[in-house]
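Working notes for the structure below.
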Amino acid sequence: MDGQLQFVQLEMMVAALGLLILLADLFLPSTARRSLGWVAAGALGLVFLLSFRGGYAALADAEAFGGIYRLDALALFFKRFFLLSAIFVLVFAVDFAARLRGGVSEYLAFILFALTGMMFASSANDFSLLFVSIELITVTFYILVSFQRHRLHSLEAGVKYLILGAVSSAFLVYGIALVFGEAGSLKFDAIRAAHAGLLGSNVFLFGMLFVFAGLAFKISAFPFQVWAPDVYQGAPTPTTTFLAVGSKAAGFVLLIRLFGSVVPELTAQWTGMLMVVAALTILYGNLCAVPQRNLKRLLAYSGIANAGYLLMGIVAQSDDGKAAILYYLAGYLFTLVATFMIIHLITSEGEGEDIACLAGLNKRSPFLAFVLALCSVSLAGIPPLAGFFGKFLLVKSVAAKAFGDAGYFALLAVAVFGVVVSIYYYFGIIRAIYWPKDTSDDSPVPIAWPTRIALGLCVAAILYLGLLPDKPINWANAAAKIESAPD
Amino acid sequence: MDWLLIIVLLPLLAAAAVGVVPGSQRRAIRSITIGASGLALLCALIAFCSFEVGGGLQFETKVVWVESLGLHLHLAADGINIGIILMGAIVAFAAACCADDITHRVKEFHILLNLMIGGILGAFASMDLFFFYFFHELALVPTFIMIGVWGRGARRNYATYKITLYLSLGALLALIGLIGVYVQTGAESFSIPDLIAKVQESPIDEAAQQWIFPLLMFGFGILVSLWPFHTWAPLGYGAAPTATAMLHAGVLKKFGLYGLIRVAIPMAPVGAQSWLGVLAWLALANLLYCGLVAVRQKDLNQLIGNSSVAHMGFIFLGIASLNVIGLTGAVLVMIAHGLLAALAFGLSGHLYRQTGSLDMSRMGGLLRQMPLAGSALLMALFAGCGLPGFANFAGEITIFFAAWSAGLKTVTVIAAWSALVIGGLYMMRAIRCILHGPLGGDWAKAGDVSPLIATALGLLLGALLVFGFVPGLLTKGIEGEAAKIVRLAKPAER
């Protein structure tokens with residue numbers, strides 16, 4: 001068993017860190033609790049560095065715990081991705097702590113527990129681990145979403161997420177049961193070997209469809225997207241960030257593993273359905289974002305649209321498509337973290353998240369104005385930023401299939417239409433920042449140094465991913481080459 | 001010498017340099033922009049003069065950017081783009097000189113202006129499809145912001161949104177076409193020469209060409225204001241600040257035409273055969289419809305904007321002829337029209353600054369009031385109707401010959417008629433309204449152009465005349481490349 005535990009060393013460290021923070025809470029004066037966030041972020045930074053340690057990386061391409069846990073390039077990529085996003089979210093949470101009104105250390109600990117779930121999800125090689133890790137993420141998010149108990153919006157968001165999340169979990173567990181009934185195993189390796197023969201079985205197909213529905217809820221794909229706007233708007237902003245980045249990426253790592261590697265022939269059979277889901281998600285997200293005035297709701301709809309773009313990488317059914325998803329998610333992480341941080345900085349609690357509050361931002365803080373404009377441009381997919389290169393790779397992976405299959409062409413057409421619509425509302429953000437000449441509020445925005453550094457890192461990453469994509473593409477390509485299990 | 005790299009880098013460095021200068025130092029900011037674009041113009045001139053006709057790709061710079069995708073920063077010039085780069089550099093310098101009408105947020109404006117110039121010159125110098133597109137977008141985004149923040153008129157917001165959405169749509173359609181070319185050739189490289197070499201060996205699947213060509217044709221077409229996707233252009237130019245309108249109408253808009261000639265026709269010749277007929281008729285619609293719209297305009301900027309859209313019809317017609325003289329004429333008109341559009345928008349910008357209005361019914365007698373600007377406008381309007389001696393004439397007449405010999409006879413006859421009659425009609429009317437007659441309403445205090453702007457406009461006018469009297473300077477280089485493209489497109493007639 002000792003040999004097995006070293007596979008989960010990162011997850012254990014993170015979970016232990018969460019418990020330590022809960023413990024430390026008992027001994028620390030309430031004024032000092034906020035600084036636990038720095039400790040946690042620093043410790044996660046250490047864990048992040050440890051993930052590059054030769055000894056750990058050398059474990060790659062192996063399975064543990066009877067094959068339910070798999071450590072490979074894809075899992076490693078996503079573990080690092082989740083660690084990075086959690087570090088940013090923790091820094092963010094410290095800044096946000098005053099608005100939580102108590103329970104700071106619990107908030108930090110729950111972020112870490114959700115992170116543990118995400119890291120397990122990236123290695124799930126068995127439906128039982130898939131379900132447990134998804135539940136660990138979802139249940140902690142129920143709490144994280146409704147953490148501001150004094151705000152009605154936050155509670156409302158929590159209830160909505162709870163009810164719809166429970167329904168999706170039910171889908172998931174029911175689907176898993178059906179698949180188990182037909183395939184006789186929960187192990188991905190067994191299903192991979194057996195699934196080609198099960199394509200005629202309606203029970204198996206229904207099972208997989210339910211599993212897909214459960215995961216589609218996580219990534220807020222149409223028609224499982226209704227929760228996103230209300231929850232994004234109501235949840236405390238760091239939670240929203242983690243939900244938009246981490247939780248969505250957790251859904252995608254499972255989709256990539258399951259539909260990209262475990263049941264490729266089923267994916268091929270479902271190409272048409274996946275295309276329709278991707279296209280509708282893009283259309284729904286973009287069209288509904290147009291009339292939004294609340295920034296967090298706007299980003300929720302844009303998040304739905306982005307889930308649609310990302311699904312294009314699954315639809316492409318190629319290593320290029322998977323690599324494109326990874327690249328896109330990496331860019332998305334930095335862009336969204338920076339965007340939500342800025343929204344938090346310039347709005348007071350729960351009020352004035354209206355897009356009009358951006359007016360005069362370039363006078364109040366040219367730095368924030370610049371970063372937010374940069375993020376909007378990147379989200380709109382305009383070169384030379386990360387968002388453009390991600391979209392470029394996604395479109396390229398789909399275009400590789402498009403000639404000879406009109407369905408892919410239709411998907412591309414929808415994607416182009418979606419991008420044009422999205423330029424309209426992202427441009428609206430830039431317009432709200434720079435256009436207005438006379439503004440009522442000219443007070444400078446105070447920015448704490450750690451936040452400033454985090455924003456600076458995000459900008460550097462967005463530019464790096466857009467301008468020097470050579471190395472990151474190689475990383476993404478390496479991580480996307482998932483493989484079947486060693487026989 | 002890597003002249004092209006220097007030409008592209010100068011404005012981008014200037015953007016960075018303006019970024020560190022405090023916003024209150026307006027003189028310094030303007031000097032940086034003018035200096036950088038002046039130096040770029042000088043380099044472009046040296047490159048143009050030392051260019052060897054028939055010497056293949058010259059002044060090459062090739063840097064690997066993304067190895068796994070075969071992306072290179074590959075700048076090079078051949079007979080076609082060397083002239084366009086020179087034209088772009090002239091227009092850029094002129095636009096930088098005319099940018100002194102910006103009075104608020106000067107620093108931001110000049111950063112964007114320099115980015116736009118760098119993007120424009122880079123797009124035409126790129127021999128790599130990805131950078132070709134990348135530089136175009138780099139120039140396009142500042143355009144939108146400049147119109148939105150520094151634009152004029154009550155419909156500024158509407159114009160900004162319209163131009164943004166139209167041009168983004170066009171660029172994205174073209175992008176999908178370009179990715180289609182990359183994917184279909186299987187060349188594992190975005191380099192245009194590599195792709196052409198690959199296509200010569202094994203052409204792209206014909207069914208795929210029938211998709212790729214229309215994607216590129218309409219994508220690029222929207223960027224060039226192909227009828228019926230042209231409505232953004234007069235509106236956008238009417239709302240744009242002077243320098244932006246000069247650069248966009250003059251140079252950036254030619255990107256789509258350049259893309260058609262450089263990429264769409266050589267890569268998808270079979271698709272081209274079946275779609276160019278459609279393009280010819282749409283070109284005719286550009287000439288006729290937009291010409292007639294221009295006749296009805298009361299606002300000078302709207303008139304120039306519509307006439308500029310109409311002139312695109314000539315270039316489309318030249319491309320649709322798909323023969324050597326047609327493509328040569330098309331490139332010649334691209335260059336001539338670039339200079340002309342910049343000249344016209346530069347002058348209208350000067351007029352607008354005097355009274356804040358471009359209503360032609362309230363103008364008159366300005367030739368006496370401002371002899372320099374007046375005569376320049378007179379010459380610009382004459383060049384617009386295709387008076388011999390200006391480069392426009394040389395290009396347009398070539399295109400008529402080309403279209404006739406390509407068998408587009410009906411189109412040619414109607415086009416010649418509309419070009420001469422309609423063009424003459426609105427241009428003459430503009431001359432009468434603006435320049436002759438008694439002095440109009442509030443123009444008594446209006447002054448002539450400053451020496452700096454006069455130099456810039458004189459440069460544009462001089463280039464128009466030089467290329468008009470000696471079109472061989474350009475056509476010698478263009479012909480050789482055009483012949484290569486025609487040979488690729490019509491292998492049967494070799």
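Chains: A, B, ... in order of the structure tokens. Residues: from 1 per chain. Ligands: from 1, in order shown.
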| message | For a quick test of understanding: name the residues of chain B lying within 7 Å of chain A when counting only C-alpha atoms, and present them as a ChimeraX atom specification. | response | /B:65-67,134,137-138,149,165,168-169,172,179-180,183,208
Enumerate as a compact mmCIF listing (two decimals) with C-alpha atoms, in the first residue's frame all residues of stretch 135-301 of chain A assigned to helix (DSSP H, G or I) by DSSP on the backbone, naming them with the chain letters and numbers the document uses.
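Result file is selection.txt:
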# COMPACT_ATOMS: atom_id res chain seq x y z
CA GLU A 135 -19.55 14.81 -5.38
CA LEU A 136 -16.66 16.12 -3.31
CA ILE A 137 -16.48 19.09 -5.65
CA THR A 138 -20.21 19.66 -5.86
CA VAL A 139 -21.02 19.32 -2.18
CA THR A 140 -18.28 21.72 -1.13
CA PHE A 141 -19.51 24.14 -3.76
CA TYR A 142 -23.03 24.05 -2.26
CA ILE A 143 -21.44 25.56 0.83
CA LEU A 144 -19.05 27.87 -0.97
CA VAL A 145 -21.85 29.32 -3.07
CA LEU A 152 -30.30 36.75 0.07
CA HIS A 153 -28.76 36.41 -3.40
CA SER A 154 -26.07 34.14 -2.08
CA LEU A 155 -28.57 31.89 -0.32
CA GLU A 156 -30.80 31.79 -3.36
CA ALA A 157 -27.84 30.82 -5.50
CA GLY A 158 -26.93 28.10 -3.02
CA VAL A 159 -30.43 26.62 -3.08
CA LYS A 160 -30.57 26.66 -6.87
CA TYR A 161 -27.20 25.04 -7.14
CA LEU A 162 -28.16 22.48 -4.54
CA ILE A 163 -31.37 21.41 -6.24
CA LEU A 164 -30.03 21.31 -9.78
CA GLY A 165 -26.75 19.83 -8.62
CA ALA A 166 -28.59 17.06 -6.83
CA VAL A 167 -30.60 16.32 -9.96
CA SER A 168 -27.44 16.10 -12.01
CA SER A 169 -25.82 13.84 -9.45
CA ALA A 170 -28.88 11.64 -9.70
CA PHE A 171 -28.45 11.51 -13.47
CA LEU A 172 -24.83 10.65 -13.03
CA VAL A 173 -25.29 7.89 -10.50
CA TYR A 174 -28.22 6.41 -12.39
CA GLY A 175 -26.20 6.44 -15.59
CA ILE A 176 -23.28 4.79 -13.84
CA ALA A 177 -25.59 2.10 -12.53
CA LEU A 178 -26.93 1.36 -16.01
CA VAL A 179 -23.44 1.24 -17.48
CA PHE A 180 -22.34 -1.08 -14.71
CA GLY A 181 -25.34 -3.28 -15.29
CA GLU A 182 -24.45 -3.74 -18.91
CA ALA A 183 -20.65 -3.66 -18.88
CA PHE A 188 -12.65 2.49 -17.43
CA ASP A 189 -10.17 -0.06 -18.70
CA ALA A 190 -12.82 -2.76 -18.76
CA ILE A 191 -15.35 -0.48 -20.40
CA ARG A 192 -12.82 0.59 -22.98
CA ALA A 193 -12.33 -3.02 -23.95
CA ALA A 194 -16.03 -3.88 -23.93
CA HIS A 195 -17.79 -0.78 -25.22
CA ALA A 196 -17.54 -1.49 -28.93
CA GLY A 197 -19.68 -4.56 -28.42
CA LEU A 198 -22.21 -2.65 -26.30
CA ASN A 202 -29.92 0.69 -25.29
CA VAL A 203 -29.27 0.27 -21.60
CA PHE A 204 -25.59 1.05 -22.08
CA LEU A 205 -26.39 3.99 -24.36
CA PHE A 206 -28.88 5.40 -21.86
CA GLY A 207 -26.35 4.97 -19.11
CA MET A 208 -23.70 6.87 -20.99
CA LEU A 209 -26.20 9.53 -21.96
CA PHE A 210 -27.04 10.08 -18.31
CA VAL A 211 -23.36 10.24 -17.45
CA PHE A 212 -22.92 12.81 -20.21
CA ALA A 213 -25.84 14.80 -18.78
CA GLY A 214 -24.26 14.78 -15.34
CA LEU A 215 -20.97 16.08 -16.72
CA ALA A 216 -22.72 18.56 -19.01
CA PHE A 217 -24.18 20.08 -15.86
CA LYS A 218 -20.68 20.63 -14.49
CA ILE A 219 -19.54 22.45 -17.60
CA TRP A 227 -28.25 27.27 -13.04
CA ALA A 228 -25.18 29.15 -14.18
CA PRO A 229 -26.32 32.80 -14.39
CA ASP A 230 -28.11 32.87 -11.03
CA VAL A 231 -25.36 30.98 -9.24
CA TYR A 232 -22.54 33.01 -10.77
CA GLN A 233 -24.31 36.21 -9.84
CA GLY A 234 -25.26 35.26 -6.31
CA THR A 237 -16.96 36.28 -6.27
CA PRO A 238 -14.03 33.98 -5.41
CA THR A 239 -16.46 31.05 -5.45
CA THR A 240 -17.75 32.17 -8.82
CA THR A 241 -14.19 32.24 -10.12
CA PHE A 242 -13.44 28.78 -8.84
CA LEU A 243 -16.74 27.51 -10.19
CA ALA A 244 -16.15 29.04 -13.61
CA VAL A 245 -12.59 27.81 -13.92
CA GLY A 246 -11.95 24.82 -11.66
CA SER A 247 -15.32 23.14 -11.69
CA LYS A 248 -15.67 23.57 -15.43
CA ALA A 249 -12.19 22.19 -16.04
CA ALA A 250 -13.00 19.21 -13.81
CA GLY A 251 -15.98 18.47 -16.04
CA PHE A 252 -13.76 18.71 -19.09
CA VAL A 253 -11.00 16.48 -17.84
CA LEU A 254 -13.61 13.79 -17.24
CA LEU A 255 -15.22 14.38 -20.62
CA ILE A 256 -11.84 14.18 -22.34
CA ARG A 257 -10.92 10.99 -20.55
CA LEU A 258 -14.29 9.35 -20.89
CA PHE A 259 -15.37 10.38 -24.38
CA GLY A 260 -11.90 10.92 -25.81
CA SER A 261 -10.23 7.78 -24.61
CA VAL A 262 -12.57 5.31 -22.92
CA PRO A 264 -14.17 6.64 -28.63
CA GLU A 265 -16.51 4.59 -30.78
CA LEU A 266 -19.52 5.76 -28.86
CA THR A 267 -18.31 9.34 -29.31
CA ALA A 268 -18.05 8.75 -33.04
CA GLN A 269 -21.59 7.39 -33.05
CA THR A 271 -20.95 13.00 -33.20
CA GLY A 272 -24.22 14.50 -34.41
CA MET A 273 -25.64 14.88 -30.91
CA LEU A 274 -22.41 16.37 -29.56
CA MET A 275 -22.36 18.85 -32.42
CA VAL A 276 -25.90 19.93 -31.67
CA VAL A 277 -25.12 20.32 -27.96
CA ALA A 278 -21.98 22.34 -28.73
CA ALA A 279 -23.77 24.53 -31.25
CA LEU A 280 -26.76 25.20 -29.00
CA THR A 281 -24.48 25.95 -26.06
CA ILE A 282 -22.56 28.48 -28.13
CA LEU A 283 -25.75 30.07 -29.42
CA TYR A 284 -27.54 30.14 -26.08
CA GLY A 285 -24.59 31.57 -24.18
CA ASN A 286 -23.76 34.26 -26.66
CA LEU A 287 -27.27 35.37 -27.50
CA CYS A 288 -28.36 35.54 -23.87
CA ALA A 289 -25.24 37.46 -22.91
CA LEU A 295 -21.22 41.82 -15.12
CA LYS A 296 -21.27 38.51 -13.28
CA ARG A 297 -24.33 37.33 -15.18
CA LEU A 298 -22.70 38.46 -18.39
CA LEU A 299 -19.67 36.35 -17.59
CA ALA A 300 -21.91 33.41 -16.69
CA TYR A 301 -23.48 33.47 -20.14
| request: List the neighbours of B:Leu461 out to 8 Å using only C-alpha atoms; skip same-chain residues closer than 3 positions along the sequence, and give me the result as a VMD selection string. | output: chain B and resid 339 to 340 343 376 380 457 to 458 464 to 465
| From the list B:Ala17, B:Gly356, B:Tyr161, B:Ser274, which residue is nearest A:Tyr425 when using only C-alpha atoms? |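 For A:Tyr425, the nearest of the given residues is B:Tyr161.
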| field | Point-to-point distance from atom CA of B:Ser225 to atom CA of B:Val309, Å rounded to tenths | value |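 Straight-line distance from atom CA of B:Ser225 to atom CA of B:Val309 works out to 6.3 Å.
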| said: Residues within 8 Å of B:Ala40, please, as a PyMOL selection string. Count only C-alpha atoms; anything in the same chain fewer than 2 positions from it doesn't count. | reply: chain B and resi 6-8+10-11+36-38+42-44+89
Restrict the selected residues to C-alpha atoms and save them as a PDB file, in the first residue's frame.
ATOM      1  CA  ILE B   6      12.639  47.248 -39.896  1.00  0.00           C
ATOM      2  CA  ILE B   7       9.582  48.738 -41.596  1.00  0.00           C
ATOM      3  CA  VAL B   8       7.231  46.613 -39.483  1.00  0.00           C
ATOM      4  CA  LEU B  10       9.544  50.802 -36.386  1.00  0.00           C
ATOM      5  CA  PRO B  11       5.875  51.665 -35.760  1.00  0.00           C
ATOM      6  CA  ALA B  36       8.863  56.504 -36.914  1.00  0.00           C
ATOM      7  CA  SER B  37       6.519  56.502 -39.877  1.00  0.00           C
ATOM      8  CA  GLY B  38       8.873  58.826 -41.768  1.00  0.00           C
ATOM      9  CA  LEU B  42      12.394  56.000 -46.060  1.00  0.00           C
ATOM     10  CA  CYS B  43      13.145  52.302 -45.596  1.00  0.00           C
ATOM     11  CA  ALA B  44      10.218  51.385 -47.833  1.00  0.00           C
ATOM     12  CA  ALA B  89       4.253  53.566 -45.850  1.00  0.00           C
TER      13      ALA B  89
END
| message | Taking 5 positions as the minimum chain separation for residues in the same chain, which residues sit within 12 Å of B:Ile304 when counting only C-alpha atoms? Answer as a count of residues only. | response | 44
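Checking A:Tyr332, A:Phe92, A:Tyr56, A:Trp38 one by one against A:Leu345, counting only C-alpha atoms, you find the shortest gap at A:Phe92.
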| request: Give the answer as one residue: which of B:Ala415, B:Ala373, B:Ile485, B:Leu317 has the shortest atom-to-atom distance to B:Ile399, using only C-alpha atoms? | output: B:Leu317
| Residue nearest A:Ser30 among A:Ala432, A:Ala98, A:Ala410, A:Leu5 (counting only C-alpha atoms) |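 Smallest separation from A:Ser30 among the options: A:Ala98.
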| task | Skip B:Ile117 itself and residues of its chain fewer than 2 positions away, then list as a VMD selection string all residues within 12 Å of it, counting only C-alpha atoms. | result | chain B and resid 7 to 15 33 to 34 36 to 38 40 to 41 85 88 to 96 110 to 115 119 to 124 135 to 143 243 to 244 246 to 248 250 to 252
| task | Have a look at atom CA of B:Gly118 and atom CA of B:Val333 and let me know their distance in Å, one decimal. | result |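 If I compute the distance from atom CA of B:Gly118 to atom CA of B:Val333, I get 22.7 Å.
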| Quick one, how far is atom CA of B:Glu206 from atom CA of B:Gln273? | 11.2 Å
| field | Long-range neighbours of A:Cys357 as an NGL selection string, 9 Å cut-off, only C-alpha atoms, 6 positions minimum in chain | value | :A and (346-347 or 432-433 or 441)
| task | Please run DSSP on the backbone and report, as a PyMOL selection string, all residues within stretch 109-340 of chain A that come out as strand (DSSP E or B). | result | chain A and resi 124+126+187+294
